[in-house]
Amino acid sequence: MPYRIVASQCTSCTACEAECPNQAISEGGGTFAIDPDKCTECIGHFDVPQCVAVCPIDHTCVIDTRIPRYQAAS
Amino acid sequence: MHTVSPGQLKPMVQLQDFMQSVARHEGCGTKSGGGKSGCGSSAGQGDMPLEVWEKVKNHPCYSEEAHHHYARMHVAVAPACNIQCNYCNRKYDCANESRPGVVSERLTPEQAAKKVLAVASAIPQMTVLGIAGPGDPLANPEKTFKTFELIAETAPDIKLCLSTNGLALPDHVDMLKKLNVDHVTITINMIDPEIGAKIYPWVFFDHQRHTGIEAARILTERQLLGLEMLTERGILCKVNSVMIPGINDRHLVEVNKAVKSRGAFLHNIMPLISAPEHGTVFGLNGQRGPSAHELKAVQDDCEGGTNMMRHCRQCRADAVGLLGEDRSAEFTADKVMTKDVDYDPAVRQAYQAKVEAGRQAKVAAKQAELAALAGETSDIKIMVAVATKGGGVINEHFGHAKEFQVYELSAHGSKFVGHRRVDLYCQGGFGEEDSLETIIRAINDCHAVFVAKVGGCPKASLKLAGIDPVDGYAYEFIEQSAIAYFKAYLDKVKSGEIDHVARGDATIRQGAFVAAE
């Protein structure tokens, strides 16, 4: 996925949901999460990950180190 | 149904905060039969064109005159924001003007529409629906516009308005026009990006986070462009500015000129609300808010520019009721969604007609009293604080007042210059000394305080502080009483019975307002 949302930090403000070019972000049970199968780190879309750029709380949308970084199709 | 007799208007509810005002309301209440201004004078109209006044005179956030009589509600459908302000902490919702950003629950557009109908049926003087957050309405355009559409379908008599930081405004002005949005408020704290960089750490624009001076430059350009576009399309625009001492206080006169020249009809300069417990940048770095004198001085400096609003309550994004009261707890989503609502426009109109009658009686009383000041040439000015629940009447006990309205009196008559929020002095029937001191600090610039009733103890403390506790005008109209008091004051000064002594400064209460349960 590379990016994930730190649930304890998230204010559920929904700002990231609308900005994600992959519709990878959705709400479930009051918290927001990034679908690892859909996240492309915004590569090919924008210079910076949109969820990180719009999130009002620092260190909330972060790289998920448990999963290999996204590789754009070559 | 709650009815009102002109002599004793009692608000059905209390609100908590709202905003706006007209610089000097000299007279007339509102409309008479023909839909034109009922009295010949300017009726709170100030230097507004008549067509603007006609649109705002029943809007509590735009007309100081109206805010005693008409209610508004905000629905919190817009959680996302596209900028960061140093007076706002998104983690705990917004701390400042978005006290407008503080909400208890967020609503879907469908829930919001249902809530509006329920409130409009219960509070017939509720004439205005606003979307103010808790984020920025235009950073949530779909939810905001869907809410407006649903309300326009079911309750077309309710005016729609919205409050925005302006960043996304140019993209949506045409949609606002299409949706028949009556009024837009833009928060503009600066027109100089160097000053802006001290207020806004970043903005999210064009898919990037911009910081520093560049962020502020983008923001100010978009705000002023949006204001111009609103003006071109005939949508009324009010500008809010948060006064931040040492950062933009001196600059606000420039802001005032810039927004007036672009068509803003009202400028609302609000004090920064800043305390460490809010967790905001300003709260944590010790940035203070202005004192009452500092705020009034800047408002007075700007008064020759755009009409100044002084009755803003910096309310929450889910406030319900008259300005200064909050009934939002009565209309939570779970209560509203299970309730059958009987929305009857005729009942609302009948109620509003009664409000109008009371309003005109109040204005007539003031006009009559003003005649007593004719020929008066003294340059003495005093301020008086008033305990009121609304309706333009002195109808609140000193110990129950959650705020005091402040009027400045001079040979020209009375002028509303603001309100002071106070902690409840009387908790469970007994007063507490430290909260009494808090109240005295909040109205320390006033010569007198008008109340429906006041106990012996606070009366003595007020006298000791040099504030005259006045209960002789209980349940009378505020301005008529204030002018009569002032006339008597001048007579006593002239006869040598008392000396006129200027008062000191007063404190603007910091920290969140919490409605009493």
# chains A, B, ... in the order shown; residues from 1 in each chain; ligands from 1
call {"tool": "residues_around", "arguments": {"residues": "Cys61 in chain A", "least_positions_apart": "2", "cutoff": "8 Å", "atoms": "only C-alpha atoms", "output": "PyMOL selection string"}}
result
chain A and resi 3-6+51-52+55+58-59+63
call {"tool": "interface_residues", "arguments": {"of": "chain A", "to": "chain B", "cutoff": "6 Å", "atoms": "only C-alpha atoms", "output": "list in words"}}
result
Cys13, Thr14, Ala15, Ala53 and Val54 of chain A
call {"tool": "closest_atom_pairs", "arguments": {"of": "range 123-142 of chain B", "to": "range 153-156 of chain B", "cutoff": "12 Å", "atoms": "only C-alpha atoms", "output": "CSV"}}
result
residue,atom,partner,partner_atom,distance
B:Met126,CA,B:Ala155,CA,11.5
B:Thr127,CA,B:Ala155,CA,10.2
B:Val128,CA,B:Ala155,CA,10.9
B:Leu129,CA,B:Ala155,CA,10.4
call {"tool": "residues_around", "arguments": {"residues": "Ala7 in chain A", "least_positions_apart": "2", "cutoff": "8 Å", "atoms": "only C-alpha atoms", "output": "ChimeraX atom specification"}}
result
/A:5,9-10,31-33,60
call {"tool": "atom_distance", "arguments": {"atom1": "CA of Glu51 in chain B", "atom2": "CA of Asp174 in chain B"}}
result
21.4 Å
call {"tool": "closest_residue", "arguments": {"among": "B:Val393, B:His412, B:His447, B:Thr438", "to": "Gln480 in chain B", "atoms": "only C-alpha atoms"}}
result
B:Val393
call {"tool": "residues_around", "arguments": {"residues": "Asn189 in chain B", "least_positions_apart": "4", "cutoff": "10 Å", "atoms": "only C-alpha atoms", "output": "number ranges by chain"}}
result
B: 165, 195-196, 199-200, 220, 239-244, 247-249, 251-252, 255-256, 269
call {"tool": "closest_residue", "arguments": {"among": "A:Gly30, A:Pro68, A:Pro36, A:Pro21", "to": "Gln50 in chain A", "atoms": "only C-alpha atoms"}}
result
A:Pro21
call {"tool": "residues_around", "arguments": {"residues": "Cys161 in chain B", "least_positions_apart": "5", "cutoff": "7 Å", "atoms": "only C-alpha atoms", "output": "ChimeraX atom specification"}}
result
/B:129-131,181-184
call {"tool": "write_last_selection", "arguments": {"atoms": "C-alpha atoms", "output": "short mmCIF file (atom, residue, chain, number, x, y, z; two decimals), in the first residue's frame"}}
result
data_model
loop_
_atom_site.label_atom_id
_atom_site.label_comp_id
_atom_site.auth_asym_id
_atom_site.auth_seq_id
_atom_site.Cartn_x
_atom_site.Cartn_y
_atom_site.Cartn_z
CA LEU B 129 -29.29 28.29 7.68
CA GLY B 130 -25.53 28.51 7.50
CA ILE B 131 -22.77 26.06 6.75
CA VAL B 181 -27.12 31.39 -1.66
CA ASP B 182 -27.90 34.79 -0.17
CA HIS B 183 -24.79 35.60 1.78
CA VAL B 184 -21.19 34.51 1.94
#
call {"tool": "residues_around", "arguments": {"residues": "Leu490 in chain B", "least_positions_apart": "3", "cutoff": "10 Å", "atoms": "only C-alpha atoms", "output": "list in words"}}
result
Leu373, Glu376, Ser378, Ile380, Lys381, Ser410, Ala411, Tyr485, Phe486, Lys487, Val493, Lys494, Ser495, Gly496, Ile498, Asp499 and His500 of chain B
call {"tool": "select_by_dssp", "arguments": {"residues": "range 387-491 of chain B", "states": "helix (DSSP H, G or I)", "output": "count of residues only"}}
result
36
call {"tool": "select_by_dssp", "arguments": {"residues": "chain A", "states": "strand (DSSP E)", "output": "list in words"}}
result
Tyr3, Arg4, Ile5, Ile25, Ser26, Glu27, Gly28, Thr31, Phe32, Ala33, Ile34, Cys61, Val62 and Ile63 of chain A
call {"tool": "write_last_selection", "arguments": {"atoms": "C-alpha atoms", "output": "CSV table (one decimal), in the first residue's frame"}}
result
chain,number,residue,atom,x,y,z
A,3,TYR,CA,0.7,4.6,2.8
A,4,ARG,CA,-1.5,3.9,5.8
A,5,ILE,CA,-3.5,6.0,8.2
A,25,ILE,CA,-9.4,5.7,1.0
A,26,SER,CA,-12.7,4.9,2.6
A,27,GLU,CA,-14.5,5.0,5.9
A,28,GLY,CA,-15.3,2.0,7.9
A,31,THR,CA,-12.3,5.6,10.9
A,32,PHE,CA,-10.6,6.0,7.6
A,33,ALA,CA,-8.2,3.5,6.0
A,34,ILE,CA,-6.2,3.2,2.8
A,61,CYS,CA,-0.7,9.4,6.7
A,62,VAL,CA,2.6,7.5,6.8
A,63,ILE,CA,4.5,4.9,4.8
call {"tool": "residues_around", "arguments": {"residues": "Cys42 in chain A", "least_positions_apart": "5", "cutoff": "9 Å", "atoms": "only C-alpha atoms", "output": "count of residues only"}}
result
7
call {"tool": "decode", "arguments": {"residues": "range 28-40 of chain A", "atoms": "N, CA and C atoms", "output": "PDB file, in the first residue's frame"}}
result
ATOM      1  N   GLY A  28     -14.695   3.215   7.448  1.00  0.00           N
ATOM      2  CA  GLY A  28     -15.316   1.994   7.943  1.00  0.00           C
ATOM      3  C   GLY A  28     -15.378   2.057   9.452  1.00  0.00           C
ATOM      4  N   GLY A  29     -16.562   2.017   9.987  1.00  0.00           N
ATOM      5  CA  GLY A  29     -16.717   2.054  11.447  1.00  0.00           C
ATOM      6  C   GLY A  29     -16.172   3.318  12.073  1.00  0.00           C
ATOM      7  N   GLY A  30     -16.317   4.430  11.358  1.00  0.00           N
ATOM      8  CA  GLY A  30     -15.946   5.720  11.947  1.00  0.00           C
ATOM      9  C   GLY A  30     -14.493   6.104  11.733  1.00  0.00           C
ATOM     10  N   THR A  31     -13.669   5.195  11.212  1.00  0.00           N
ATOM     11  CA  THR A  31     -12.284   5.586  10.941  1.00  0.00           C
ATOM     12  C   THR A  31     -11.976   5.387   9.452  1.00  0.00           C
ATOM     13  N   PHE A  32     -10.947   6.050   9.010  1.00  0.00           N
ATOM     14  CA  PHE A  32     -10.591   5.980   7.606  1.00  0.00           C
ATOM     15  C   PHE A  32      -9.376   5.067   7.423  1.00  0.00           C
ATOM     16  N   ALA A  33      -9.345   4.390   6.280  1.00  0.00           N
ATOM     17  CA  ALA A  33      -8.236   3.477   5.992  1.00  0.00           C
ATOM     18  C   ALA A  33      -7.911   3.528   4.506  1.00  0.00           C
ATOM     19  N   ILE A  34      -6.657   3.185   4.195  1.00  0.00           N
ATOM     20  CA  ILE A  34      -6.195   3.152   2.809  1.00  0.00           C
ATOM     21  C   ILE A  34      -6.143   1.701   2.348  1.00  0.00           C
ATOM     22  N   ASP A  35      -6.750   1.424   1.222  1.00  0.00           N
ATOM     23  CA  ASP A  35      -6.729   0.072   0.661  1.00  0.00           C
ATOM     24  C   ASP A  35      -5.346  -0.166   0.038  1.00  0.00           C
ATOM     25  N   PRO A  36      -4.569  -1.111   0.607  1.00  0.00           N
ATOM     26  CA  PRO A  36      -3.193  -1.291   0.130  1.00  0.00           C
ATOM     27  C   PRO A  36      -3.134  -1.730  -1.329  1.00  0.00           C
ATOM     28  N   ASP A  37      -4.191  -2.347  -1.793  1.00  0.00           N
ATOM     29  CA  ASP A  37      -4.172  -2.801  -3.180  1.00  0.00           C
ATOM     30  C   ASP A  37      -4.411  -1.666  -4.168  1.00  0.00           C
ATOM     31  N   LYS A  38      -4.917  -0.565  -3.677  1.00  0.00           N
ATOM     32  CA  LYS A  38      -5.229   0.540  -4.596  1.00  0.00           C
ATOM     33  C   LYS A  38      -4.218   1.682  -4.513  1.00  0.00           C
ATOM     34  N   CYS A  39      -3.526   1.818  -3.393  1.00  0.00           N
ATOM     35  CA  CYS A  39      -2.621   2.953  -3.214  1.00  0.00           C
ATOM     36  C   CYS A  39      -1.418   2.852  -4.142  1.00  0.00           C
ATOM     37  N   THR A  40      -1.133   3.931  -4.832  1.00  0.00           N
ATOM     38  CA  THR A  40       0.034   3.980  -5.724  1.00  0.00           C
ATOM     39  C   THR A  40       1.025   5.053  -5.270  1.00  0.00           C
TER      40      THR A  40
END
